[in-house]
$ cat work.tsv   # TSV, C-alpha atoms
chain	number	residue	atom	x	y	z
Y	251	MET	CA	156.55	80.47	112.64
Y	252	ILE	CA	156.63	76.74	112.25
Y	253	LYS	CA	152.87	76.65	112.43
Y	254	ASP	CA	152.72	79.09	109.50
Y	255	ALA	CA	155.09	77.00	107.48
Y	256	ILE	CA	153.10	73.84	108.08
Y	257	LYS	CA	149.91	75.65	107.11
Y	258	ARG	CA	151.49	76.72	103.82
Y	259	VAL	CA	152.65	73.22	103.07
Y	260	ILE	CA	149.20	71.84	103.74
Y	261	ILE	CA	147.47	74.43	101.56
Y	262	LEU	CA	149.84	73.88	98.67
Y	263	PHE	CA	149.46	70.14	99.10
Y	264	ILE	CA	145.67	70.41	98.90
Y	265	ILE	CA	145.82	72.58	95.78
Y	266	CYS	CA	148.22	70.16	94.10
Y	267	SER	CA	146.12	67.13	95.01
Y	268	VAL	CA	142.94	68.65	93.62
Y	269	ALA	CA	144.82	69.63	90.45
Y	270	ALA	CA	146.29	66.15	90.06
Y	271	GLY	CA	142.92	64.55	90.67
Y	272	SER	CA	141.11	66.61	88.06
Y	273	LEU	CA	143.92	66.11	85.56
Y	274	SER	CA	143.91	62.35	85.87
Y	275	TYR	CA	140.15	62.42	85.33
Y	276	VAL	CA	140.50	64.48	82.13
Y	277	TYR	CA	143.39	62.29	81.02
Y	278	SER	CA	141.38	59.09	81.46
Y	279	ILE	CA	138.56	60.49	79.32
Y	280	THR	CA	140.70	61.88	76.51
Y	281	LYS	CA	143.42	59.23	76.33
Y	282	PRO	CA	141.49	56.62	74.30
Y	283	LYS	CA	140.30	59.30	71.87
Y	284	ILE	CA	143.84	60.64	71.37
Y	285	GLU	CA	145.28	57.16	70.82
Y	286	GLN	CA	142.49	56.27	68.42
Y	287	TYR	CA	143.18	59.42	66.43
Y	288	VAL	CA	146.87	58.56	66.08
Y	289	ILE	CA	146.02	55.05	64.86
Y	290	ASP	CA	143.32	56.30	62.49
Y	291	GLU	CA	145.61	58.89	61.01
Y	292	LEU	CA	148.35	56.33	60.37
Y	293	ASN	CA	145.90	53.88	58.80
Y	294	ASN	CA	144.52	56.64	56.60
Y	295	SER	CA	147.97	57.53	55.33
Y	296	LEU	CA	148.83	53.87	54.69
Y	297	LYS	CA	145.60	53.52	52.76
Y	298	LYS	CA	146.36	56.68	50.77
Y	299	VAL	CA	149.78	55.38	49.73
Y	300	MET	CA	148.48	51.99	48.63
Y	301	PRO	CA	144.71	52.14	48.17
Y	302	GLU	CA	144.70	48.57	46.83
Y	303	GLY	CA	146.04	47.11	50.07
Y	304	THR	CA	143.56	45.29	52.25
Y	305	LYS	CA	145.86	44.46	55.14
Y	306	PHE	CA	148.88	46.31	56.47
Y	307	GLU	CA	151.19	44.20	58.58
Y	308	GLU	CA	153.68	46.09	60.70
Y	309	VAL	CA	157.14	44.55	60.24
Y	310	THR	CA	159.26	47.13	62.02
Y	311	LYS	CA	157.50	49.35	64.54
Y	312	SER	CA	156.42	52.65	62.90
Y	313	ALA	CA	158.89	52.13	60.06
Y	314	LYS	CA	157.93	49.29	57.76
Y	315	TRP	CA	154.72	47.57	56.72
Y	316	ASN	CA	154.01	44.66	54.41
Y	317	VAL	CA	150.98	45.35	52.25
Y	318	TYR	CA	148.63	42.49	51.41
Y	319	LYS	CA	145.88	42.37	48.87
Y	320	GLY	CA	143.86	39.37	49.92
Y	321	GLU	CA	146.48	36.72	50.64
Y	322	SER	CA	149.37	37.95	48.48
Y	323	ILE	CA	151.93	40.61	49.25
Y	324	ILE	CA	151.67	43.50	46.78
Y	325	GLY	CA	154.43	45.63	48.24
Y	326	THR	CA	155.81	47.38	51.30
Y	327	ILE	CA	155.40	50.77	52.88
Y	328	ASN	CA	158.31	52.51	54.56
Y	329	LYS	CA	158.34	55.48	56.90
Y	330	VAL	CA	161.39	57.74	57.20
Y	331	ASN	CA	161.99	60.91	59.20
Y	332	PRO	CA	164.93	62.81	57.73
Y	333	LEU	CA	165.93	66.24	58.98
Y	334	GLY	CA	164.73	68.91	56.57
Y	335	TYR	CA	165.51	72.60	56.70
Y	336	GLY	CA	163.16	73.39	59.59
Y	337	GLY	CA	163.03	70.10	61.48
Y	338	PRO	CA	162.13	66.46	60.86
Y	339	VAL	CA	160.04	65.65	57.79
Y	340	GLN	CA	157.85	62.59	58.21
Y	341	ILE	CA	157.51	60.69	54.97
Y	342	ILE	CA	155.81	57.44	54.07
Y	343	TYR	CA	156.08	55.82	50.67
Y	344	GLY	CA	155.02	52.58	49.04
Y	345	LEU	CA	157.12	50.16	47.01
Y	346	ASP	CA	155.67	47.52	44.71
Y	347	ASN	CA	157.20	44.05	44.37
Y	348	GLU	CA	159.64	45.31	41.72
Y	349	LYS	CA	160.95	47.91	44.19
Y	350	LYS	CA	159.43	50.73	42.21
Y	351	ILE	CA	157.85	53.61	44.10
Y	352	VAL	CA	154.06	53.66	44.09
Y	353	LYS	CA	153.49	56.92	45.94
Y	354	VAL	CA	155.25	59.27	48.33
Y	355	LEU	CA	153.31	61.12	51.00
Y	356	ILE	CA	154.40	63.68	53.59
Y	357	ILE	CA	152.63	63.24	56.91
Y	358	ASP	CA	154.18	66.08	58.82
Y	359	GLN	CA	156.77	68.77	58.19
Y	360	THR	CA	157.88	72.14	59.54
Y	361	GLU	CA	159.62	73.59	56.50
Y	362	THR	CA	159.59	77.28	55.56
Y	363	PRO	CA	156.03	78.25	54.57
Y	364	GLY	CA	155.73	78.96	50.85
Y	365	LEU	CA	159.18	77.59	49.99
Y	366	GLY	CA	160.09	74.32	51.70
Y	367	THR	CA	156.45	73.38	52.17
Y	368	LYS	CA	156.21	72.95	48.39
Y	369	ILE	CA	157.88	69.55	48.79
Y	370	ALA	CA	154.52	68.34	50.12
Y	371	GLU	CA	152.77	69.29	46.85
Y	372	SER	CA	151.98	66.64	44.27
Y	373	LYS	CA	153.94	68.52	41.61
Y	374	PHE	CA	157.12	67.48	43.41
Y	375	LEU	CA	156.02	64.18	44.93
Y	376	ASP	CA	154.49	62.77	41.73
Y	377	GLN	CA	157.96	62.71	40.19
Y	378	PHE	CA	158.77	59.71	42.41
Y	379	ILE	CA	156.02	57.49	41.02
Y	380	GLY	CA	157.44	54.49	39.18
Y	381	LYS	CA	161.09	55.31	39.93
Y	382	THR	CA	163.66	52.72	40.96
Y	383	GLU	CA	166.35	53.18	43.57
Y	384	ASN	CA	168.96	54.39	41.05
Y	385	GLU	CA	166.69	57.05	39.68
Y	386	VAL	CA	165.77	58.54	43.03
Y	387	VAL	CA	168.45	61.25	43.03
Y	388	LEU	CA	168.14	64.97	42.43
Y	389	ILE	CA	169.07	65.89	38.84
Y	390	LYS	CA	171.19	68.58	40.48
Y	391	ASP	CA	173.29	65.94	42.27
Y	392	ASP	CA	173.55	63.29	39.56
Y	393	GLN	CA	172.84	64.47	36.04
Y	394	ILE	CA	173.11	60.97	34.53
Y	395	ASN	CA	170.85	58.85	36.74
Y	396	GLY	CA	168.88	61.50	38.61
Y	397	LYS	CA	165.23	61.87	37.70
Y	398	ILE	CA	163.98	64.14	40.48
Y	399	ASP	CA	163.75	67.88	39.89
Y	400	ALA	CA	164.29	69.80	43.15
Y	401	VAL	CA	161.77	72.45	44.18
Y	402	THR	CA	163.11	75.91	43.34
Y	403	ALA	CA	164.48	77.68	46.43
Y	404	ALA	CA	164.00	74.54	48.52
Y	405	THR	CA	166.98	72.40	47.57
Y	406	ILE	CA	167.77	71.37	51.15
Y	407	SER	CA	164.23	70.15	51.80
Y	408	SER	CA	164.07	68.38	48.42
Y	409	ARG	CA	167.44	66.73	48.92
Y	410	ALA	CA	166.65	65.59	52.46
Y	411	LEU	CA	163.48	63.90	51.25
Y	412	THR	CA	165.00	62.35	48.14
Y	413	ASN	CA	168.08	60.96	49.88
Y	414	ALA	CA	166.12	59.58	52.80
Y	415	VAL	CA	163.77	57.75	50.46
Y	416	LYS	CA	166.66	56.42	48.38
Y	417	LYS	CA	168.59	55.22	51.41
Y	418	SER	CA	165.69	53.31	52.87
Y	419	MET	CA	164.48	51.75	49.61
Y	420	ASN	CA	166.66	48.66	49.95
Y	421	GLN	CA	166.17	48.02	53.61
C	37	MET	CA	131.23	97.44	86.89
C	38	LEU	CA	130.88	97.56	83.15
C	39	LYS	CA	134.36	99.04	83.17
C	40	GLU	CA	135.78	95.76	84.51
C	41	LEU	CA	134.41	94.08	81.44
C	42	THR	CA	135.26	96.62	78.78
C	43	LYS	CA	138.70	97.73	79.95
C	44	GLY	CA	140.38	94.64	78.52
C	45	ILE	CA	138.93	95.17	75.08
C	46	ILE	CA	140.52	98.52	74.16
C	47	LYS	CA	141.81	100.61	77.05
C	48	GLU	CA	143.93	97.87	78.62
C	49	ASN	CA	144.07	95.49	75.68
C	50	PRO	CA	146.47	92.71	76.71
C	51	ILE	CA	148.35	92.67	73.41
C	52	LEU	CA	148.26	96.26	72.15
C	53	VAL	CA	148.46	98.13	75.47
C	54	ILE	CA	149.76	95.88	78.25
C	55	MET	CA	151.88	94.13	75.63
C	56	LEU	CA	151.97	90.78	77.38
C	57	GLY	CA	151.89	87.37	75.75
C	58	LEU	CA	153.53	88.58	72.58
C	59	CYS	CA	155.41	85.33	72.00
C	60	PRO	CA	152.38	83.11	71.32
C	61	THR	CA	150.69	86.01	69.58
C	62	LEU	CA	153.50	86.34	67.07
C	63	ALA	CA	154.00	82.61	66.68
C	64	VAL	CA	150.51	81.29	66.01
C	65	SER	CA	148.90	84.23	64.25
C	66	THR	CA	149.91	82.98	60.80
C	67	THR	CA	146.29	82.23	59.89
C	68	ALA	CA	142.94	83.49	61.10
C	69	VAL	CA	141.84	80.01	62.24
C	70	ASN	CA	144.98	79.56	64.33
C	71	GLY	CA	144.52	82.98	65.90
C	72	LEU	CA	140.90	82.30	66.77
C	73	ALA	CA	141.65	78.84	68.20
C	74	MET	CA	144.47	80.21	70.30
C	75	GLY	CA	142.15	82.95	71.53
C	76	VAL	CA	139.49	80.44	72.57
C	77	ALA	CA	141.97	78.14	74.34
C	78	PHE	CA	143.42	81.18	76.08
C	79	ALA	CA	139.97	82.41	77.13
C	80	PHE	CA	139.15	79.03	78.67
C	81	VAL	CA	142.36	79.05	80.70
C	82	LEU	CA	142.04	82.67	81.80
C	83	LEU	CA	138.39	82.28	82.83
C	84	GLY	CA	139.13	79.14	84.81
C	85	SER	CA	142.23	80.44	86.51
C	86	ASN	CA	140.80	83.88	87.30
C	87	ILE	CA	137.70	82.39	88.92
C	88	VAL	CA	139.53	79.73	90.94
C	89	ILE	CA	142.27	82.10	92.06
C	90	SER	CA	139.85	84.78	93.22
C	91	LEU	CA	137.82	82.11	95.01
C	92	LEU	CA	140.94	80.98	96.85
C	93	ARG	CA	142.45	84.44	97.31
C	94	LYS	CA	141.87	84.44	101.07
C	95	ALA	CA	142.97	80.86	101.57
C	96	ILE	CA	146.28	81.13	99.76
C	97	PRO	CA	148.98	82.73	101.92
C	98	ASP	CA	151.02	85.43	100.18
C	99	GLN	CA	154.29	83.50	100.38
C	100	ILE	CA	153.09	80.57	98.33
C	101	ARG	CA	150.83	82.41	95.92
C	102	ILE	CA	153.09	82.07	92.87
C	103	PRO	CA	153.46	78.25	93.02
C	104	ALA	CA	149.74	77.98	93.81
C	105	PHE	CA	148.85	80.15	90.78
C	106	ILE	CA	151.14	78.14	88.53
C	107	VAL	CA	149.58	74.84	89.60
C	108	ILE	CA	146.06	76.18	89.04
C	109	ILE	CA	146.91	77.73	85.66
C	110	SER	CA	148.76	74.67	84.41
C	111	THR	CA	145.84	72.45	85.38
C	112	PHE	CA	143.52	74.43	83.12
C	113	VAL	CA	146.11	74.53	80.36
C	114	THR	CA	146.55	70.76	80.45
C	115	ILE	CA	142.79	70.25	80.36
C	116	ALA	CA	142.59	72.55	77.32
C	117	ASP	CA	145.52	70.79	75.67
C	118	TYR	CA	144.11	67.27	76.10
C	119	SER	CA	140.63	68.32	75.03
C	120	LEU	CA	141.98	69.92	71.86
C	121	LYS	CA	144.05	66.82	71.11
C	122	ALA	CA	141.07	64.53	71.61
C	123	TYR	CA	138.30	66.52	69.95
C	124	LEU	CA	139.99	68.93	67.51
C	125	PRO	CA	143.23	67.14	66.60
C	126	PHE	CA	143.86	69.16	63.43
C	127	LEU	CA	143.75	72.42	65.33
C	128	SER	CA	145.92	70.99	68.07
C	129	LYS	CA	148.49	70.01	65.47
C	130	SER	CA	148.69	73.43	63.88
C	131	LEU	CA	148.89	75.25	67.24
C	132	GLY	CA	151.61	72.81	68.26
C	133	VAL	CA	153.59	73.60	71.36
C	134	PHE	CA	151.85	76.93	71.93
C	135	VAL	CA	148.85	75.44	73.70
C	136	PRO	CA	150.93	73.92	76.53
C	137	LEU	CA	152.88	77.18	76.54
C	138	ILE	CA	149.79	79.10	77.68
C	139	VAL	CA	151.07	78.08	81.13
C	140	VAL	CA	153.75	80.69	80.86
C	141	ASN	CA	151.60	83.17	78.95
C	142	CYS	CA	152.28	86.31	80.93
C	143	ILE	CA	148.74	87.61	80.49
C	144	VAL	CA	147.27	84.72	82.49
C	145	MET	CA	149.85	85.06	85.25
C	146	GLY	CA	149.59	88.84	85.06
C	147	ARG	CA	145.82	88.85	85.55
C	148	ALA	CA	146.10	86.37	88.43
C	149	GLU	CA	148.71	88.46	90.20
C	150	ALA	CA	147.42	91.92	89.36
C	151	TYR	CA	143.70	91.34	89.51
C	152	ALA	CA	142.18	88.01	90.50
C	153	CYS	CA	144.00	87.67	93.81
C	154	LYS	CA	142.73	91.08	94.96
C	155	ASN	CA	139.18	91.18	93.63
C	156	THR	CA	135.87	89.40	94.01
C	157	VAL	CA	134.97	86.35	91.98
C	158	PHE	CA	132.42	88.23	89.93
C	159	ASN	CA	134.77	91.07	89.05
C	160	SER	CA	137.54	88.60	88.20
C	161	PHE	CA	135.10	86.80	85.94
C	162	LEU	CA	134.27	90.05	84.14
C	163	ASP	CA	137.96	90.91	83.95
C	164	ALA	CA	138.72	87.53	82.37
C	165	ILE	CA	135.92	87.90	79.83
C	166	GLY	CA	137.09	91.37	78.83
C	167	MET	CA	140.74	90.37	78.58
C	168	SER	CA	139.83	87.27	76.57
C	169	ILE	CA	137.76	89.28	74.13
C	170	GLY	CA	140.60	91.77	73.76
C	171	PHE	CA	143.17	89.04	73.23
C	172	THR	CA	141.09	86.91	70.87
C	173	MET	CA	140.02	89.92	68.83
C	174	ILE	CA	143.54	91.17	68.26
C	175	ILE	CA	145.21	87.79	67.68
C	176	THR	CA	142.49	86.86	65.17
C	177	LEU	CA	142.82	90.25	63.48
C	178	ILE	CA	146.57	89.75	63.17
C	179	GLY	CA	145.87	86.29	61.77
C	180	VAL	CA	143.43	87.73	59.23
C	181	ILE	CA	145.92	90.36	58.09
C	182	ARG	CA	148.81	87.90	57.82
C	183	GLU	CA	146.76	85.22	56.10
C	184	LEU	CA	145.25	87.67	53.63
C	185	LEU	CA	148.53	89.29	52.64
C	186	GLY	CA	150.74	86.24	53.00
C	187	ASN	CA	148.49	83.60	51.50
C	188	GLY	CA	145.63	85.46	49.80
C	189	THR	CA	142.96	83.79	51.93
C	190	ILE	CA	140.89	84.45	55.07
C	191	PHE	CA	139.68	81.45	57.10
C	192	ASN	CA	140.89	79.40	54.11
C	193	TYR	CA	138.58	81.20	51.66
C	194	ALA	CA	140.44	82.67	48.71
C	195	LEU	CA	139.70	86.37	48.59
C	196	MET	CA	142.44	87.84	46.47
C	197	PRO	CA	142.30	87.92	42.65
C	198	ALA	CA	143.93	84.96	40.92
C	199	ASN	CA	146.98	86.92	39.80
C	200	PHE	CA	147.76	88.07	43.37
C	201	THR	CA	151.27	87.21	44.47
C	202	PRO	CA	151.27	86.59	48.24
C	203	PHE	CA	153.75	88.52	50.39
C	204	LEU	CA	155.42	85.47	51.86
C	205	ILE	CA	157.07	87.60	54.51
C	206	MET	CA	153.70	88.13	56.19
C	207	ILE	CA	153.36	84.48	57.22
C	208	LEU	CA	157.02	84.29	58.21
C	209	PRO	CA	158.04	85.66	61.63
C	210	PRO	CA	158.79	89.24	60.46
C	211	GLY	CA	155.19	89.55	59.27
C	212	GLY	CA	153.99	89.06	62.83
C	213	PHE	CA	156.09	91.96	64.06
C	214	LEU	CA	154.97	94.16	61.17
C	215	ALA	CA	151.28	93.43	61.72
C	216	ILE	CA	151.45	93.96	65.47
C	217	GLY	CA	153.43	97.19	65.06
C	218	PHE	CA	150.99	98.69	62.60
C	219	LEU	CA	148.02	97.67	64.77
C	220	MET	CA	149.59	99.35	67.81
C	221	ALA	CA	150.18	102.52	65.83
C	222	LEU	CA	146.63	102.44	64.52
C	223	LYS	CA	145.22	101.93	68.04
C	224	ILE	CA	147.17	104.90	69.36
C	225	LYS	CA	146.05	107.05	66.44
C	226	ILE	CA	142.37	106.19	66.88
C	227	PHE	CA	142.00	106.06	70.67
C	228	LYS	CA	144.40	108.80	71.71
$ encode --input "work.tsv" --output "structure tokens"
Amino acid sequence: MIKDAIKRVIILFIICSVAAGSLSYVYSITKPKIEQYVIDELNNSLKKVMPEGTKFEEVTKSAKWNVYKGESIIGTINKVNPLGYGGPVQIIYGLDNEKKIVKVLIIDQTETPGLGTKIAESKFLDQFIGKTENEVVLIKDDQINGKIDAVTAATISSRALTNAVKKSMNQ
Amino acid sequence: MLKELTKGIIKENPILVIMLGLCPTLAVSTTAVNGLAMGVAFAFVLLGSNIVISLLRKAIPDQIRIPAFIVIISTFVTIADYSLKAYLPFLSKSLGVFVPLIVVNCIVMGRAEAYACKNTVFNSFLDAIGMSIGFTMIITLIGVIRELLGNGTIFNYALMPANFTPFLIMILPPGGFLAIGFLMALKIKIFK
């Protein structure tokens, strides 16, 4: 009886050890590649938001970058992750020195396909270009100052994005 | 022997006949590429686990077979997951959590329990190949149907006329159920 039990323990232990060994081998090979990809992807998005920038200095970890062109600061890039309709929406956007928006880009989102996903299209996002903090409001919510037209049938997604950008513009 | 290989394709197709693994099937089959990638990741895991489990079938005592199977299966799943993340990151992103979830894909566990732990390595290998072909074929087909009707494309190539209005419902969850239901009906009609 006890002998059987010990045998089982040993067999399971061997299986687990072999599994752990092979996994740590695979992990050690793939880890640098995975990390590199994450860094590359972030740098690509930063570059897309402000193509003129030559150096991106991280001020707050994964949230704020100062953008340099040569020696002078030409603006900042912020990253916000508001909750959309189907989960967090990851947004980065650039501000020039006059606090006007240069470009808004969606890195990742899980909104409803065909409806909420339209907030990632340039038709919606291009509306933000050149806007100041006061103007970044849905027309629906503030008819006087608002300059952003929400995507039809995706008001929640549009509002989440707009308000998150507005809130973080002065930080 | 050929039967071991071909049974998984039609007669015992894992999705349409055994009806296992429906959760990932419904969730990732929104596009043909996703379906195909899921099928390939699944095939890798099933091949690996079927071979290793049938190799060890005499060494693993009955009482601990389930934990042993789970460890073996999850090892292959994690290898597949990390490899996808490192070498095909875009695919890994669109498959999301469903690659790690192959661990609990009932087809893999089902084949281990019902086949690999009772049969020779070679037969288990054939069984895994057949099941993988059956799974990949159907999940890709569902992906093709849903992508074509729901987005007007197949493998990202636009196929529908310009004035085609996509049936959004096909890429939303109900579309998965519709596609799978019609395919099951069609299979029964043809292979009765």
$ atom_distance --input "work.tsv" --atom1 "CA of Trp315 (chain Y)" --atom2 "CA of Leu296 (chain Y)"
8.9 Å
$ interface_residues --input "work.tsv" --of "chain C" --to "chain Y" --cutoff "10 Å" --atoms "only C-alpha atoms" --output "ChimeraX atom specification"
/C:66,92,95-101,103-105,107-112,114-116,118-125,129,186-187,202-205,207-208
$ closest_residue --input "work.tsv" --among "Y:Tyr343, Y:Thr304, Y:Gln393, Y:Ile406" --to "Lys368 (chain Y)" --atoms "only C-alpha atoms"
Y:Ile406
$ residues_around --input "work.tsv" --residues "Lys298 (chain Y)" --least-positions-apart "3" --cutoff "9 Å" --atoms "all atoms listed in the file" --output "PyMOL selection string"
chain Y and resi 293-295+301+353+355
$ residues_around --input "work.tsv" --residues "Val140 (chain C)" --least-positions-apart "3" --cutoff "10 Å" --atoms "all atoms listed in the file" --output "list in words"
Gly57, Pro60, Ile106, Ile109, Ser110, Val113, Phe134, Pro136, Leu137, Ile143, Val144 and Met145 of chain C
$ residues_around --input "work.tsv" --residues "Ile54 (chain C)" --least-positions-apart "5" --cutoff "10 Å" --atoms "all atoms listed in the file" --output "JSON, numbers by chain"
{"C": [44, 47, 48, 49, 143, 146]}
$ closest_residue --input "work.tsv" --among "C:Met173, C:Ser160, C:Thr189, C:Ile226" --to "Gly84 (chain C)" --atoms "only C-alpha atoms"
C:Ser160
$ closest_residue --input "work.tsv" --among "Y:Ala403, Y:Ile341, Y:Leu333, Y:Ala370" --to "Lys314 (chain Y)" --atoms "only C-alpha atoms"
Y:Ile341
$ residues_around --input "work.tsv" --residues "Lys319 (chain Y)" --least-positions-apart "4" --cutoff "12 Å" --atoms "all atoms listed in the file" --output "CSV table (one decimal) with C-alpha atoms, keeping the file's coordinate frame"
chain,number,residue,atom,x,y,z
Y,297,LYS,CA,145.6,53.5,52.8
Y,300,MET,CA,148.5,52.0,48.6
Y,301,PRO,CA,144.7,52.1,48.2
Y,302,GLU,CA,144.7,48.6,46.8
Y,303,GLY,CA,146.0,47.1,50.1
Y,304,THR,CA,143.6,45.3,52.2
Y,305,LYS,CA,145.9,44.5,55.1
Y,306,PHE,CA,148.9,46.3,56.5
Y,307,GLU,CA,151.2,44.2,58.6
Y,323,ILE,CA,151.9,40.6,49.2
Y,324,ILE,CA,151.7,43.5,46.8
Y,325,GLY,CA,154.4,45.6,48.2
Y,326,THR,CA,155.8,47.4,51.3
Y,346,ASP,CA,155.7,47.5,44.7
$ residues_near_point --input "work.tsv" --point "(147.7, 81.6, 69.3)" --cutoff "7 Å" --atoms "only C-alpha atoms" --output "PyMOL selection string"
chain C and resi 60-61+63-65+70-71+73-75+131+134+175
$ residues_around --input "work.tsv" --residues "Val354 (chain Y)" --least-positions-apart "5" --cutoff "10 Å" --atoms "all atoms listed in the file" --output "JSON, numbers by chain"
{"Y": [298, 299, 300, 327, 328, 329, 341, 342, 343, 344, 345, 370, 372, 374, 375, 376, 377, 378, 379, 411, 415]}
$ atom_distance --input "work.tsv" --atom1 "CA of Leu72 (chain C)" --atom2 "CA of Thr176 (chain C)"
5.1 Å
$ atom_distance --input "work.tsv" --atom1 "CA of Pro197 (chain C)" --atom2 "CA of Thr67 (chain C)"
18.6 Å
